[in-house]
>>> print(open('final_5.cif').read())   # mmCIF, C-alpha atoms and all ligand atoms
data_protein
#
loop_
_atom_site.group_PDB
_atom_site.id
_atom_site.type_symbol
_atom_site.label_atom_id
_atom_site.label_comp_id
_atom_site.auth_asym_id
_atom_site.auth_seq_id
_atom_site.Cartn_x
_atom_site.Cartn_y
_atom_site.Cartn_z
ATOM 1 C CA ALA A 15 98.224 -160.969 -53.462
ATOM 2 C CA GLY A 16 94.902 -159.117 -53.010
ATOM 3 C CA ALA A 17 95.762 -158.309 -49.386
ATOM 4 C CA ALA A 18 99.268 -157.154 -50.363
ATOM 5 C CA PHE A 19 97.761 -154.858 -53.006
ATOM 6 C CA ALA A 20 95.260 -153.421 -50.490
ATOM 7 C CA VAL A 21 98.052 -152.731 -47.983
ATOM 8 C CA SER A 22 100.287 -151.064 -50.561
ATOM 9 C CA ALA A 23 97.332 -148.977 -51.843
ATOM 10 C CA LEU A 24 96.668 -147.827 -48.269
ATOM 11 C CA VAL A 25 100.345 -146.980 -47.730
ATOM 12 C CA CYS A 26 100.366 -145.016 -51.008
ATOM 13 C CA SER A 27 97.203 -143.076 -50.230
ATOM 14 C CA THR A 28 98.504 -142.341 -46.712
ATOM 15 C CA ALA A 29 101.836 -141.192 -48.105
ATOM 16 C CA PHE A 30 100.097 -138.750 -50.450
ATOM 17 C CA ALA A 31 97.328 -137.616 -48.042
ATOM 18 C CA GLN A 32 97.220 -133.855 -47.810
ATOM 19 C CA THR A 33 96.907 -132.222 -44.422
ATOM 20 C CA ILE A 34 94.588 -129.214 -44.440
ATOM 21 C CA GLY A 35 93.762 -126.921 -41.510
ATOM 22 C CA PHE A 36 90.243 -125.483 -41.409
ATOM 23 C CA SER A 37 89.439 -122.537 -39.145
ATOM 24 C CA GLN A 38 85.662 -122.428 -38.800
ATOM 25 C CA VAL A 39 83.665 -119.432 -37.451
ATOM 26 C CA GLY A 40 81.803 -121.346 -34.730
ATOM 27 C CA SER A 41 78.622 -123.359 -34.419
ATOM 28 C CA GLU A 42 75.901 -120.675 -34.381
ATOM 29 C CA GLY A 43 72.496 -121.513 -35.829
ATOM 30 C CA ASP A 44 71.604 -124.649 -37.793
ATOM 31 C CA TRP A 45 73.369 -123.904 -41.056
ATOM 32 C CA ARG A 46 76.926 -123.717 -39.736
ATOM 33 C CA PRO A 47 76.982 -127.066 -37.886
ATOM 34 C CA ALA A 48 75.601 -128.673 -41.086
ATOM 35 C CA PHE A 49 78.407 -126.990 -43.065
ATOM 36 C CA SER A 50 81.066 -128.158 -40.527
ATOM 37 C CA ALA A 51 79.760 -131.725 -40.663
ATOM 38 C CA ASN A 52 79.881 -131.692 -44.467
ATOM 39 C CA MET A 53 83.452 -130.340 -44.510
ATOM 40 C CA GLN A 54 84.585 -133.088 -42.101
ATOM 41 C CA GLU A 55 82.720 -135.941 -43.825
ATOM 42 C CA SER A 56 83.641 -134.845 -47.301
ATOM 43 C CA ALA A 57 87.363 -134.523 -46.376
ATOM 44 C CA LYS A 58 87.369 -138.297 -45.808
ATOM 45 C CA ASP A 59 85.989 -138.893 -49.327
ATOM 46 C CA TYR A 60 88.927 -136.963 -50.757
ATOM 47 C CA GLY A 61 91.507 -138.696 -48.496
ATOM 48 C CA ILE A 62 92.279 -135.388 -46.768
ATOM 49 C CA ASP A 63 93.600 -135.269 -43.211
ATOM 50 C CA LEU A 64 91.500 -132.317 -41.982
ATOM 51 C CA LYS A 65 92.516 -130.438 -38.839
ATOM 52 C CA PHE A 66 89.316 -128.721 -37.728
ATOM 53 C CA ALA A 67 89.323 -125.727 -35.351
ATOM 54 C CA ASN A 68 86.085 -124.143 -34.088
ATOM 55 C CA ALA A 69 86.670 -120.475 -33.166
ATOM 56 C CA GLN A 70 83.415 -120.117 -31.186
ATOM 57 C CA GLY A 71 82.703 -116.852 -33.019
ATOM 58 C CA LYS A 72 85.971 -115.178 -31.935
ATOM 59 C CA GLN A 73 88.447 -113.795 -34.438
ATOM 60 C CA GLU A 74 91.330 -114.046 -31.895
ATOM 61 C CA GLU A 75 90.682 -117.815 -31.801
ATOM 62 C CA GLN A 76 90.860 -117.954 -35.586
ATOM 63 C CA LEU A 77 94.161 -116.082 -35.623
ATOM 64 C CA ARG A 78 95.521 -118.519 -33.014
ATOM 65 C CA ALA A 79 94.314 -121.523 -35.032
ATOM 66 C CA VAL A 80 95.829 -120.261 -38.283
ATOM 67 C CA ARG A 81 99.179 -119.661 -36.548
ATOM 68 C CA ALA A 82 99.033 -123.180 -35.076
ATOM 69 C CA PHE A 83 98.380 -124.620 -38.557
ATOM 70 C CA ILE A 84 101.374 -122.683 -39.888
ATOM 71 C CA ALA A 85 103.570 -124.032 -37.057
ATOM 72 C CA GLN A 86 102.386 -127.599 -37.876
ATOM 73 C CA GLY A 87 103.368 -127.084 -41.524
ATOM 74 C CA VAL A 88 100.009 -128.120 -43.029
ATOM 75 C CA ASP A 89 99.754 -128.269 -46.837
ATOM 76 C CA ALA A 90 96.949 -125.671 -47.055
ATOM 77 C CA ILE A 91 94.688 -123.638 -44.778
ATOM 78 C CA ILE A 92 90.975 -122.983 -45.221
ATOM 79 C CA ILE A 93 89.413 -120.062 -43.342
ATOM 80 C CA ALA A 94 85.747 -119.131 -42.936
ATOM 81 C CA PRO A 95 86.482 -115.679 -41.463
ATOM 82 C CA VAL A 96 84.220 -114.359 -38.676
ATOM 83 C CA VAL A 97 84.608 -110.751 -39.827
ATOM 84 C CA VAL A 98 86.126 -109.152 -42.932
ATOM 85 C CA THR A 99 88.877 -107.046 -41.316
ATOM 86 C CA GLY A 100 92.060 -107.857 -39.370
ATOM 87 C CA TRP A 101 93.554 -110.577 -41.602
ATOM 88 C CA ASP A 102 96.542 -108.963 -43.366
ATOM 89 C CA GLN A 103 99.215 -109.897 -40.808
ATOM 90 C CA VAL A 104 98.360 -113.570 -40.303
ATOM 91 C CA LEU A 105 97.838 -114.163 -44.034
ATOM 92 C CA GLN A 106 101.256 -112.601 -44.660
ATOM 93 C CA GLU A 107 102.743 -115.074 -42.151
ATOM 94 C CA ALA A 108 101.128 -117.963 -44.063
ATOM 95 C CA LYS A 109 102.492 -116.580 -47.336
ATOM 96 C CA GLU A 110 106.014 -116.393 -45.880
ATOM 97 C CA ALA A 111 105.641 -120.025 -44.752
ATOM 98 C CA GLU A 112 104.494 -120.861 -48.338
ATOM 99 C CA ILE A 113 101.171 -122.275 -47.158
ATOM 100 C CA PRO A 114 98.307 -121.403 -49.528
ATOM 101 C CA ILE A 115 95.151 -119.916 -48.003
ATOM 102 C CA PHE A 116 91.648 -120.660 -49.291
ATOM 103 C CA LEU A 117 88.618 -118.726 -48.081
ATOM 104 C CA VAL A 118 85.319 -120.513 -47.747
ATOM 105 C CA ASP A 119 81.883 -118.968 -47.101
ATOM 106 C CA ARG A 120 82.802 -115.516 -45.735
ATOM 107 C CA ASP A 121 85.062 -112.893 -47.267
ATOM 108 C CA VAL A 122 88.012 -110.759 -46.060
ATOM 109 C CA GLU A 123 89.132 -107.226 -46.894
ATOM 110 C CA VAL A 124 92.919 -107.295 -47.368
ATOM 111 C CA LYS A 125 95.308 -104.803 -48.956
ATOM 112 C CA ASP A 126 97.081 -107.506 -50.982
ATOM 113 C CA PRO A 127 94.710 -109.950 -52.726
ATOM 114 C CA SER A 128 97.609 -112.339 -53.401
ATOM 115 C CA LEU A 129 97.462 -113.253 -49.692
ATOM 116 C CA TYR A 130 94.850 -115.886 -50.524
ATOM 117 C CA VAL A 131 94.369 -118.122 -53.547
ATOM 118 C CA THR A 132 90.610 -117.932 -53.989
ATOM 119 C CA ARG A 133 87.295 -117.708 -52.131
ATOM 120 C CA ILE A 134 84.638 -120.355 -52.681
ATOM 121 C CA SER A 135 81.226 -119.223 -51.521
ATOM 122 C CA ALA A 136 77.707 -118.134 -52.327
ATOM 123 C CA ASP A 137 77.004 -114.549 -53.425
ATOM 124 C CA PHE A 138 75.630 -112.913 -50.263
ATOM 125 C CA ASN A 139 74.768 -109.723 -52.134
ATOM 126 C CA LEU A 140 72.637 -111.725 -54.565
ATOM 127 C CA GLU A 141 70.912 -113.427 -51.618
ATOM 128 C CA GLY A 142 69.916 -109.994 -50.278
ATOM 129 C CA LYS A 143 68.705 -109.006 -53.742
ATOM 130 C CA LEU A 144 66.633 -112.187 -54.104
ATOM 131 C CA ALA A 145 65.007 -111.530 -50.701
ATOM 132 C CA GLY A 146 64.346 -107.880 -51.634
ATOM 133 C CA ALA A 147 62.935 -108.747 -55.061
ATOM 134 C CA TRP A 148 60.597 -111.371 -53.587
ATOM 135 C CA LEU A 149 59.362 -108.854 -51.002
ATOM 136 C CA ALA A 150 58.912 -106.094 -53.577
ATOM 137 C CA ALA A 151 56.723 -108.395 -55.681
ATOM 138 C CA GLU A 152 54.780 -109.758 -52.705
ATOM 139 C CA SER A 153 54.086 -106.322 -51.162
ATOM 140 C CA LYS A 154 53.565 -104.658 -54.568
ATOM 141 C CA GLY A 155 56.325 -102.217 -53.690
ATOM 142 C CA THR A 156 54.810 -100.812 -50.501
ATOM 143 C CA CYS A 157 56.290 -102.114 -47.262
ATOM 144 C CA LYS A 158 57.719 -100.981 -43.915
ATOM 145 C CA ILE A 159 60.379 -103.492 -42.943
ATOM 146 C CA VAL A 160 62.173 -104.525 -39.766
ATOM 147 C CA GLU A 161 65.624 -106.014 -40.363
ATOM 148 C CA LEU A 162 67.501 -108.515 -38.193
ATOM 149 C CA GLN A 163 71.157 -108.213 -39.091
ATOM 150 C CA GLY A 164 73.816 -110.919 -38.793
ATOM 151 C CA THR A 165 77.127 -110.557 -36.952
ATOM 152 C CA THR A 166 78.379 -106.981 -37.238
ATOM 153 C CA GLY A 167 81.342 -106.712 -39.610
ATOM 154 C CA SER A 168 80.767 -110.152 -41.168
ATOM 155 C CA ALA A 169 80.585 -110.499 -44.952
ATOM 156 C CA PRO A 170 77.046 -111.965 -45.032
ATOM 157 C CA ALA A 171 75.655 -109.177 -42.805
ATOM 158 C CA ILE A 172 77.321 -106.480 -44.910
ATOM 159 C CA GLU A 173 76.451 -107.943 -48.317
ATOM 160 C CA ARG A 174 72.925 -109.201 -47.623
ATOM 161 C CA LYS A 175 72.022 -105.742 -46.320
ATOM 162 C CA LYS A 176 73.573 -104.037 -49.355
ATOM 163 C CA GLY A 177 71.850 -106.352 -51.843
ATOM 164 C CA PHE A 178 68.474 -106.039 -50.139
ATOM 165 C CA GLU A 179 68.744 -102.235 -49.938
ATOM 166 C CA ALA A 180 69.805 -102.004 -53.597
ATOM 167 C CA VAL A 181 66.494 -103.612 -54.612
ATOM 168 C CA ILE A 182 64.090 -101.958 -52.174
ATOM 169 C CA GLY A 183 65.782 -98.610 -52.947
ATOM 170 C CA GLN A 184 64.064 -98.840 -56.343
ATOM 171 C CA PHE A 185 60.658 -98.606 -54.627
ATOM 172 C CA PRO A 186 59.867 -95.272 -52.939
ATOM 173 C CA ALA A 187 57.291 -96.859 -50.622
ATOM 174 C CA MET A 188 59.606 -99.570 -49.291
ATOM 175 C CA GLU A 189 61.805 -98.742 -46.298
ATOM 176 C CA ILE A 190 63.639 -100.333 -43.388
ATOM 177 C CA VAL A 191 62.196 -98.664 -40.286
ATOM 178 C CA ALA A 192 64.176 -100.579 -37.635
ATOM 179 C CA THR A 193 67.379 -102.616 -37.839
ATOM 180 C CA GLN A 194 69.508 -104.406 -35.249
ATOM 181 C CA SER A 195 72.009 -107.263 -35.025
ATOM 182 C CA GLY A 196 70.827 -110.612 -33.661
ATOM 183 C CA ASP A 197 74.286 -112.144 -34.272
ATOM 184 C CA PHE A 198 72.901 -114.962 -36.466
ATOM 185 C CA THR A 199 71.394 -116.806 -33.463
ATOM 186 C CA THR A 200 67.844 -117.829 -32.562
ATOM 187 C CA GLU A 201 68.157 -116.188 -29.107
ATOM 188 C CA GLY A 202 69.552 -113.012 -30.691
ATOM 189 C CA GLY A 203 66.689 -112.904 -33.208
ATOM 190 C CA LYS A 204 64.107 -113.387 -30.463
ATOM 191 C CA LYS A 205 65.547 -110.535 -28.368
ATOM 192 C CA VAL A 206 65.721 -108.199 -31.364
ATOM 193 C CA MET A 207 62.142 -108.945 -32.404
ATOM 194 C CA GLU A 208 60.946 -108.415 -28.802
ATOM 195 C CA ALA A 209 62.576 -104.972 -28.908
ATOM 196 C CA PHE A 210 60.954 -104.201 -32.300
ATOM 197 C CA ILE A 211 57.545 -105.308 -30.978
ATOM 198 C CA LYS A 212 57.909 -102.807 -28.106
ATOM 199 C CA SER A 213 59.279 -99.942 -30.179
ATOM 200 C CA THR A 214 56.617 -100.256 -32.924
ATOM 201 C CA ASN A 215 53.530 -100.798 -30.756
ATOM 202 C CA ASN A 216 53.156 -104.500 -31.619
ATOM 203 C CA LEU A 217 54.580 -104.123 -35.136
ATOM 204 C CA ASP A 218 51.800 -101.691 -36.031
ATOM 205 C CA GLY A 219 52.139 -100.801 -39.745
ATOM 206 C CA ILE A 220 55.062 -103.237 -40.247
ATOM 207 C CA CYS A 221 54.645 -105.351 -43.349
ATOM 208 C CA ALA A 222 57.785 -107.537 -43.275
ATOM 209 C CA SER A 223 60.665 -108.976 -41.289
ATOM 210 C CA PHE A 224 63.906 -109.481 -43.251
ATOM 211 C CA ALA A 225 66.387 -111.614 -41.280
ATOM 212 C CA HIS A 226 69.947 -112.208 -42.486
ATOM 213 C CA ASN A 227 69.535 -115.861 -41.476
ATOM 214 C CA ASP A 228 66.781 -118.340 -40.708
ATOM 215 C CA ASN A 229 67.730 -118.891 -37.077
ATOM 216 C CA MET A 230 67.183 -115.217 -36.220
ATOM 217 C CA GLN A 231 63.866 -115.433 -38.088
ATOM 218 C CA LEU A 232 62.907 -118.528 -36.078
ATOM 219 C CA GLY A 233 63.610 -116.540 -32.889
ATOM 220 C CA ALA A 234 61.569 -113.651 -34.293
ATOM 221 C CA ILE A 235 58.685 -116.044 -35.030
ATOM 222 C CA GLN A 236 58.725 -117.197 -31.384
ATOM 223 C CA ALA A 237 58.723 -113.600 -30.113
ATOM 224 C CA MET A 238 55.816 -112.669 -32.388
ATOM 225 C CA LYS A 239 53.742 -115.676 -31.369
ATOM 226 C CA GLU A 240 54.351 -114.902 -27.672
ATOM 227 C CA ALA A 241 53.063 -111.363 -28.362
ATOM 228 C CA GLY A 242 49.892 -112.800 -29.958
ATOM 229 C CA LEU A 243 50.943 -111.910 -33.519
ATOM 230 C CA LYS A 244 50.733 -114.189 -36.546
ATOM 231 C CA PRO A 245 54.105 -114.399 -38.344
ATOM 232 C CA GLY A 246 53.677 -115.187 -42.036
ATOM 233 C CA LYS A 247 50.192 -113.628 -42.036
ATOM 234 C CA ASP A 248 50.282 -110.291 -40.133
ATOM 235 C CA VAL A 249 53.885 -109.780 -41.241
ATOM 236 C CA LEU A 250 55.751 -111.257 -44.253
ATOM 237 C CA MET A 251 58.813 -113.260 -43.136
ATOM 238 C CA VAL A 252 61.836 -113.553 -45.471
ATOM 239 C CA SER A 253 65.281 -114.834 -44.506
ATOM 240 C CA VAL A 254 68.347 -116.756 -45.736
ATOM 241 C CA ASP A 255 69.766 -120.339 -45.358
ATOM 242 C CA TYR A 256 66.745 -122.635 -45.953
ATOM 243 C CA VAL A 257 67.505 -124.835 -42.927
ATOM 244 C CA PRO A 258 65.107 -127.714 -42.096
ATOM 245 C CA ALA A 259 63.368 -125.734 -39.295
ATOM 246 C CA ILE A 260 62.468 -122.892 -41.679
ATOM 247 C CA VAL A 261 61.196 -125.445 -44.205
ATOM 248 C CA GLU A 262 58.806 -126.564 -41.456
ATOM 249 C CA ALA A 263 57.867 -122.928 -40.721
ATOM 250 C CA LEU A 264 57.203 -122.380 -44.448
ATOM 251 C CA LYS A 265 54.922 -125.438 -44.461
ATOM 252 C CA ALA A 266 53.124 -124.143 -41.336
ATOM 253 C CA GLY A 267 52.624 -120.712 -42.966
ATOM 254 C CA GLU A 268 54.718 -118.951 -40.288
ATOM 255 C CA ALA A 269 57.482 -118.040 -42.760
ATOM 256 C CA ASN A 270 57.033 -116.984 -46.378
ATOM 257 C CA ALA A 271 60.398 -117.196 -48.154
ATOM 258 C CA SER A 272 64.001 -118.266 -47.584
ATOM 259 C CA VAL A 273 67.037 -118.037 -49.857
ATOM 260 C CA GLU A 274 68.990 -121.290 -49.830
ATOM 261 C CA LEU A 275 72.637 -121.206 -48.790
ATOM 262 C CA ARG A 276 74.127 -124.608 -49.621
ATOM 263 C CA SER A 277 75.899 -126.301 -46.708
ATOM 264 C CA ALA A 278 77.408 -129.153 -48.767
ATOM 265 C CA VAL A 279 80.491 -127.152 -49.716
ATOM 266 C CA GLY A 280 83.209 -129.860 -49.520
ATOM 267 C CA LYS A 281 82.550 -131.066 -53.069
ATOM 268 C CA PHE A 282 83.116 -127.502 -54.341
ATOM 269 C CA ILE A 283 86.268 -126.648 -52.364
ATOM 270 C CA TYR A 284 88.332 -129.824 -51.947
ATOM 271 C CA PRO A 285 88.879 -130.617 -55.653
ATOM 272 C CA VAL A 286 90.015 -127.009 -56.187
ATOM 273 C CA ILE A 287 92.538 -127.227 -53.340
ATOM 274 C CA LEU A 288 93.847 -130.667 -54.330
ATOM 275 C CA ASP A 289 94.326 -129.571 -57.957
ATOM 276 C CA TYR A 290 96.087 -126.436 -56.772
ATOM 277 C CA LEU A 291 98.429 -128.416 -54.514
ATOM 278 C CA LYS A 292 99.275 -130.712 -57.429
ATOM 279 C CA SER A 293 99.996 -127.836 -59.808
ATOM 280 C CA PRO A 294 99.780 -124.343 -58.302
ATOM 281 C CA GLN A 295 98.309 -121.809 -60.707
ATOM 282 C CA GLU A 296 96.432 -118.525 -60.581
ATOM 283 C CA LEU A 297 92.709 -119.051 -59.965
ATOM 284 C CA PRO A 298 89.792 -116.609 -60.211
ATOM 285 C CA LYS A 299 89.569 -114.731 -56.886
ATOM 286 C CA TRP A 300 86.013 -115.938 -56.344
ATOM 287 C CA ILE A 301 84.363 -119.236 -57.263
ATOM 288 C CA VAL A 302 80.624 -118.742 -56.793
ATOM 289 C CA ILE A 303 78.226 -121.357 -55.430
ATOM 290 C CA PRO A 304 74.636 -120.747 -56.676
ATOM 291 C CA SER A 305 71.766 -119.582 -54.401
ATOM 292 C CA ASP A 306 68.020 -120.210 -54.880
ATOM 293 C CA LEU A 307 64.872 -118.664 -53.465
ATOM 294 C CA HIS A 308 62.243 -120.934 -51.875
ATOM 295 C CA THR A 309 58.733 -119.782 -51.018
ATOM 296 C CA ALA A 310 55.825 -121.298 -49.133
ATOM 297 C CA ASN A 311 53.835 -121.973 -52.320
HETATM 298 O O1 LIG A 401 78.257 -116.898 -43.436
HETATM 299 C C1 LIG A 401 77.020 -117.469 -43.668
HETATM 300 C C2 LIG A 401 76.084 -117.218 -42.538
HETATM 301 O O2 LIG A 401 76.691 -117.523 -41.313
HETATM 302 C C3 LIG A 401 74.819 -118.045 -42.535
HETATM 303 O O3 LIG A 401 73.808 -117.498 -43.310
HETATM 304 C C4 LIG A 401 74.460 -117.995 -41.103
HETATM 305 O O4 LIG A 401 73.472 -118.903 -40.718
HETATM 306 C C5 LIG A 401 75.792 -118.259 -40.497
HETATM 307 O O5 LIG A 401 75.920 -117.953 -39.212
#
>>> encode(input="final_5.cif", output="structure tokens")
Amino acid sequence: AGAAFAVSALVCSTAFAQTIGFSQVGSEGDWRPAFSANMQESAKDYGIDLKFANAQGKQEEQLRAVRAFIAQGVDAIIIAPVVVTGWDQVLQEAKEAEIPIFLVDRDVEVKDPSLYVTRISADFNLEGKLAGAWLAAESKGTCKIVELQGTTGSAPAIERKKGFEAVIGQFPAMEIVATQSGDFTTEGGKKVMEAFIKSTNNLDGICASFAHNDNMQLGAIQAMKEAGLKPGKDVLMVSVDYVPAIVEALKAGEANASVELRSAVGKFIYPVILDYLKSPQELPKWIVIPSDLHTAN
């Protein structure tokens, strides 16, 4: 009887399993692969059949994946959009196919907000503000800063910059003197910092490096060490994500602060989607996951 019950329970759960397509940005840095792994693992806990598509950082790949999910007739689609623009058409196609869209992590700019149900993510603007406020306190409001930006046109690059600038704009002696995109990668961050080292005569007079993610900061740390500089001592190092490698850099005194972006997002998003699929209803347009600042001491 026990075996019969187990089999019928399995049949039931299979019959009701929801199929969800997830279009992920790519696998840049350390944070995103951790986030992908959590989404895939956590889907199993919720009995979700997750179709995972890695866009390798290309929006055209995401558009293709979303259209493929629509053609397969999945129950819902999750998108972590590479950039904010260029989504209206494909989201309209999903709406016409009556497949609800959920945004995770990054944001979109669309004319019609009803094209997606909700976005579940951290507040990137707040992350920039936390980084800026920490730096303002640490430098006592006097600091020339080099900035390593994330992927151009992506929500975290736009919002972290805005939040950071909103805070340092309150301090007349704080300014960004050089800024460039390192595309959220370690290699990109290293190249950008090498260019800054050249253009500023070995970071002469520079008090801080603000990187939109830890991996770019880790690349910047390498570049500075190769140039004989002491990251974390000669220059204050503040970034976002709080990945294990930056935790090590904080312990070693080569980084000073990092704002944590949680990668365990499945437990926040899947219950929302499953409830919605059971009884569709209007949700707030943004469900915010908290962020925290971590420092070396
Ligand atoms: O969208 C979040 C950002 O994307 C993370 O901070 C960064 O590491 C990733 O590439």
>>> residues_near_ligand(input="final_5.cif", ligand="ligand LIG 401 (chain A)", cutoff="6 Å", atoms="only C-alpha atoms and all ligand atoms", output="PyMOL selection string")
chain A and resi 42-43+45-46+119-120+170+198+227+255
>>> closest_residue(input="final_5.cif", among="A:Leu288, A:Ile115, A:Leu297, A:Val261", to="A:Gly61", atoms="all atoms listed in the file")
A:Leu288
>>> atom_distance(input="final_5.cif", atom1="atom CA of A:Tyr290", atom2="atom CA of A:Val39")
24.0 Å
>>> closest_residue(input="final_5.cif", among="A:Gln194, A:Ser213, A:Thr165, A:Ser128", to="A:Val96", atoms="only C-alpha atoms")
A:Thr165
>>> resolve_selection(input="final_5.cif", expression="the PyMOL selection byres (((chain A and resi 112) around 12) and not hetatm)", output="list in words")
Ile84, Ala85, Gly87, Val88, Asp89, Ala90, Ile91, Leu105, Gln106, Glu107, Ala108, Lys109, Glu110, Ala111, Ile113, Pro114, Ile115, Leu129, Tyr130, Val131, Leu291 and Pro294 of chain A
>>> write_last_selection(input="final_5.cif", atoms="C-alpha atoms", output="PDB file, in the coordinates of the input")
ATOM      1  CA  ILE A  84     101.374-122.683 -39.888  1.00  0.00           C
ATOM      2  CA  ALA A  85     103.570-124.032 -37.057  1.00  0.00           C
ATOM      3  CA  GLY A  87     103.368-127.084 -41.524  1.00  0.00           C
ATOM      4  CA  VAL A  88     100.009-128.120 -43.029  1.00  0.00           C
ATOM      5  CA  ASP A  89      99.754-128.269 -46.837  1.00  0.00           C
ATOM      6  CA  ALA A  90      96.949-125.671 -47.055  1.00  0.00           C
ATOM      7  CA  ILE A  91      94.688-123.638 -44.778  1.00  0.00           C
ATOM      8  CA  LEU A 105      97.838-114.163 -44.034  1.00  0.00           C
ATOM      9  CA  GLN A 106     101.256-112.601 -44.660  1.00  0.00           C
ATOM     10  CA  GLU A 107     102.743-115.074 -42.151  1.00  0.00           C
ATOM     11  CA  ALA A 108     101.128-117.963 -44.063  1.00  0.00           C
ATOM     12  CA  LYS A 109     102.492-116.580 -47.336  1.00  0.00           C
ATOM     13  CA  GLU A 110     106.014-116.393 -45.880  1.00  0.00           C
ATOM     14  CA  ALA A 111     105.641-120.025 -44.752  1.00  0.00           C
ATOM     15  CA  ILE A 113     101.171-122.275 -47.158  1.00  0.00           C
ATOM     16  CA  PRO A 114      98.307-121.403 -49.528  1.00  0.00           C
ATOM     17  CA  ILE A 115      95.151-119.916 -48.003  1.00  0.00           C
ATOM     18  CA  LEU A 129      97.462-113.253 -49.692  1.00  0.00           C
ATOM     19  CA  TYR A 130      94.850-115.886 -50.524  1.00  0.00           C
ATOM     20  CA  VAL A 131      94.369-118.122 -53.547  1.00  0.00           C
ATOM     21  CA  LEU A 291      98.429-128.416 -54.514  1.00  0.00           C
ATOM     22  CA  PRO A 294      99.780-124.343 -58.302  1.00  0.00           C
TER      23      PRO A 294
END
>>> closest_residue(input="final_5.cif", among="A:Glu296, A:Val191, A:Phe138, A:Gly183", to="A:Glu161", atoms="only C-alpha atoms")
A:Val191
>>> resolve_selection(input="final_5.cif", expression="the PyMOL selection byres (((chain A and resi 79) around 12) and not hetatm)", output="ChimeraX atom specification")
/A:35-39,65-70,72-78,80-86,88,91-95,104,108
>>> residues_around(input="final_5.cif", residues="A:Leu149", least_positions_apart="4", cutoff="10 Å", atoms="all atoms listed in the file", output="VMD selection string")
chain A and resid 143 to 145 153 to 157 159 178 181 to 182 188 221 to 224 250 to 252 270 to 271
>>> closest_residue(input="final_5.cif", among="A:Pro186, A:Gly71, A:Gly233, A:Pro285", to="A:Ala269", atoms="all atoms listed in the file")
A:Gly233
>>> decode(input="final_5.cif", residues="stretch 120-131 of chain A", atoms="N, CA and C atoms", output="mmCIF file, in the first residue's frame")
data_model
loop_
_atom_site.group_PDB
_atom_site.id
_atom_site.type_symbol
_atom_site.label_atom_id
_atom_site.label_comp_id
_atom_site.auth_asym_id
_atom_site.auth_seq_id
_atom_site.Cartn_x
_atom_site.Cartn_y
_atom_site.Cartn_z
ATOM 1 N N ARG A 120 17.647 41.906 -12.899
ATOM 2 C CA ARG A 120 17.697 43.176 -13.643
ATOM 3 C C ARG A 120 16.321 43.647 -14.121
ATOM 4 N N ASP A 121 16.280 44.929 -14.430
ATOM 5 C CA ASP A 121 15.016 45.593 -14.789
ATOM 6 C C ASP A 121 14.891 45.793 -16.302
ATOM 7 N N VAL A 122 13.688 46.170 -16.751
ATOM 8 C CA VAL A 122 13.456 46.579 -18.151
ATOM 9 C C VAL A 122 12.803 47.962 -18.147
ATOM 10 N N GLU A 123 12.896 48.634 -19.295
ATOM 11 C CA GLU A 123 12.121 49.873 -19.491
ATOM 12 C C GLU A 123 11.135 49.575 -20.612
ATOM 13 N N VAL A 124 9.842 49.437 -20.260
ATOM 14 C CA VAL A 124 8.833 49.142 -21.289
ATOM 15 C C VAL A 124 7.731 50.195 -21.224
ATOM 16 N N LYS A 125 7.072 50.406 -22.383
ATOM 17 C CA LYS A 125 6.015 51.426 -22.419
ATOM 18 C C LYS A 125 4.818 50.981 -21.585
ATOM 19 N N ASP A 126 4.518 49.664 -21.631
ATOM 20 C CA ASP A 126 3.327 49.150 -20.952
ATOM 21 C C ASP A 126 3.747 48.234 -19.791
ATOM 22 N N PRO A 127 3.633 48.721 -18.559
ATOM 23 C CA PRO A 127 4.095 47.915 -17.413
ATOM 24 C C PRO A 127 3.299 46.621 -17.231
ATOM 25 N N SER A 128 2.116 46.525 -17.870
ATOM 26 C CA SER A 128 1.349 45.280 -17.696
ATOM 27 C C SER A 128 1.975 44.124 -18.486
ATOM 28 N N LEU A 129 3.061 44.401 -19.208
ATOM 29 C CA LEU A 129 3.717 43.340 -19.986
ATOM 30 C C LEU A 129 4.442 42.337 -19.089
ATOM 31 N N TYR A 130 4.677 42.702 -17.828
ATOM 32 C CA TYR A 130 5.230 41.705 -16.906
ATOM 33 C C TYR A 130 4.475 41.796 -15.583
ATOM 34 N N VAL A 131 4.509 40.697 -14.836
ATOM 35 C CA VAL A 131 3.725 40.646 -13.592
ATOM 36 C C VAL A 131 4.425 41.424 -12.491
#
